[in-house]
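Quick notes on the structure that follows.
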Amino acid sequence: MARRRVLTLHNSGQFQNTLEYLVPQFEDAFIFYEKLGAFYEEKGYSEISHSRMRRYEILLEFLKEETQIDAETAAQYMLYDLYLRERLKKRPSFAADQKPYESAVWAYRKEHRISRTAHIEVFPGGKAILFDYENRNPLSNNAATENVVLRMDNEIE
């Protein structure tokens with residue numbers, strides 16, 4: 001049962017970038033899924049269905065407890081994958097604080113007339129990405145993305 005639940009990570013397409021980062025860090029994909037499945041069974045997670053957000057949290061828990069993989073880097077891939085699918089109402093617990101960027105993001109939005117339905121996320125290192133939910137990929141349903149340059153002094157570059 002755990003294997004079926006774990007394979008939804010891959011089959012759903014919702015973890016694409018996260019898996020592209022994680023799987024090559026194992027001997028092969030089978031070993032990754034086997035270890036993750038065993039983790040699900042050990043923790044009792046295979047007995048119930050989980051929300052998408054909870055699946056991300058479990059994957060992060062697995063990485064921290066069972067691997068030497070940099071969980072902070074993996075969390076950034078997870079955040080990117082989450083925002084590709086939807087404009088979240090609540091920020092994930094593993095997401096970096098966006099307070100330092102609020103003024104710059106709003107100035108950029110105003111200057112470029114960015115829809116309120118879009119989201120701009122600033123990742124560690126200052127890389128800002130616009131997630132445009134009004135323009136989606138018709139096959140994956142992922143939001144269109146665009147790198148944006150924010151000026152921290154509220155001026156647009």
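Ligands are numbered from 1 in the order shown, chains are lettered A, B, ... in the order of the structure tokens, and residues start at 1 in each chain.
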
Closest contacts (range 27-98 of chain A/range 18-21 of chain A, max 9 Å, only C-alpha atoms) as a Markdown table:
```
| residue | atom | partner | partner_atom | distance |
| --- | --- | --- | --- | --- |
| A:Ala74 | CA | A:Thr18 | CA | 6.5 |
| A:Ala75 | CA | A:Thr18 | CA | 8.2 |
| A:Gln76 | CA | A:Thr18 | CA | 8.4 |
| A:Tyr77 | CA | A:Thr18 | CA | 4.9 |
| A:Met78 | CA | A:Thr18 | CA | 5.5 |
| A:Leu79 | CA | A:Thr18 | CA | 8.9 |
| A:Tyr80 | CA | A:Thr18 | CA | 8.4 |
| A:Asp81 | CA | A:Thr18 | CA | 7.0 |
```

Long-range neighbours of range 84-95 of chain A as a PyMOL selection string, 6 Å cut-off, only C-alpha atoms, 2 positions minimum in chain: chain A and resi 81-82+142-143

Go ahead and save the picked residues with C-alpha atoms, as a short mmCIF file (atom, residue, chain, number, x, y, z; two decimals), in the first residue's frame.
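Contents of the output file again.cif:
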```cif
data_model
loop_
_atom_site.label_atom_id
_atom_site.label_comp_id
_atom_site.auth_asym_id
_atom_site.auth_seq_id
_atom_site.Cartn_x
_atom_site.Cartn_y
_atom_site.Cartn_z
CA ASP A 81 6.45 22.87 -7.34
CA LEU A 82 3.68 23.96 -4.98
CA ASN A 142 1.31 24.47 -14.29
CA ALA A 143 1.35 28.24 -14.02
#
```

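Across the model, the gap from CA of Glu72 in chain A to CA of Trp106 in chain A is 26.4 Å.
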
From A:Asp70, A:Ile120, A:Phe131, A:Tyr33, residue lying nearest Ala107 in chain A [only C-alpha atoms]: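 The closest residue to Ala107 in chain A is A:Ile120.
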
Would you pick out the contacts of Glu134 in chain A at 9 Å or less, using only C-alpha atoms, so that residues sharing its chain but fewer than 5 positions from it are not included, and give the list as a PyMOL selection string? chain A and resi 115+117-118+143-144

Measuring between only C-alpha atoms, which one of A:Arg109, A:Lys99, A:Ala29, A:Gly44 shows the shortest distance to Val122 in chain A?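 Of the candidates, the smallest distance to Val122 in chain A is held by A:Lys99.
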
What does the structure give for the distance between CA of Ser51 in chain A and CA of Thr73 in chain A, in Å to one decimal? 22.0 Å

Distance query Ala104 in chain A at most 6 Å, only C-alpha atoms, self and fewer than 2 positions along chain excluded, as a short mmCIF file (atom, residue, chain, number, x, y, z; two decimals) with N, CA, C and O atoms, in the first residue's frame:
```
data_model
loop_
_atom_site.label_atom_id
_atom_site.label_comp_id
_atom_site.auth_asym_id
_atom_site.auth_seq_id
_atom_site.Cartn_x
_atom_site.Cartn_y
_atom_site.Cartn_z
N TYR A 101 10.76 41.33 1.46
CA TYR A 101 10.57 41.62 0.04
C TYR A 101 9.22 42.25 -0.29
O TYR A 101 8.96 42.58 -1.44
N GLU A 102 8.34 42.39 0.71
CA GLU A 102 6.97 42.85 0.45
C GLU A 102 6.90 44.16 -0.33
O GLU A 102 6.16 44.26 -1.31
N TRP A 106 5.40 44.56 -4.14
CA TRP A 106 4.24 45.40 -4.45
C TRP A 106 4.60 46.51 -5.43
O TRP A 106 3.80 46.85 -6.31
N ALA A 107 5.78 47.05 -5.32
CA ALA A 107 6.22 48.07 -6.28
C ALA A 107 6.32 47.47 -7.69
O ALA A 107 5.90 48.09 -8.67
N LEU A 150 13.68 42.41 -8.76
CA LEU A 150 13.13 43.32 -7.77
C LEU A 150 14.24 44.23 -7.25
O LEU A 150 15.38 43.80 -7.09
N ARG A 151 13.89 45.45 -6.98
CA ARG A 151 14.83 46.38 -6.36
C ARG A 151 14.42 46.55 -4.92
O ARG A 151 13.29 46.94 -4.63
N MET A 152 15.32 46.29 -4.04
CA MET A 152 15.00 46.35 -2.61
C MET A 152 14.76 47.79 -2.12
O MET A 152 14.18 47.98 -1.09
N ASN A 154 12.80 49.74 -3.55
CA ASN A 154 11.48 50.02 -4.12
C ASN A 154 11.53 50.63 -5.51
O ASN A 154 10.51 51.09 -6.01
#
```

DSSP strand (DSSP E or B) residues within range 11-143 of chain A, listed as a PyMOL selection string: chain A and resi 119-122+128-136+143

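Among the candidate residues A:Tyr83, A:Tyr40, A:Phe32, A:Tyr108, the one lying nearest to Glu61 in chain A is A:Tyr40, with distances computed using only C-alpha atoms.
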
Residue among A:Gln14, A:Pro124, A:Leu36, A:Ala71 lying closest to Asp97 in chain A, counting only C-alpha atoms: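 Of A:Gln14, A:Pro124, A:Leu36, A:Ala71, the one nearest Asp97 in chain A is A:Pro124, counting only C-alpha atoms.
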
Which of range 27-116 of chain A counts as helix (DSSP H, G or I) under DSSP, as a ChimeraX atom specification please? /A:29-43,45-47,52-66,71-85,99-112
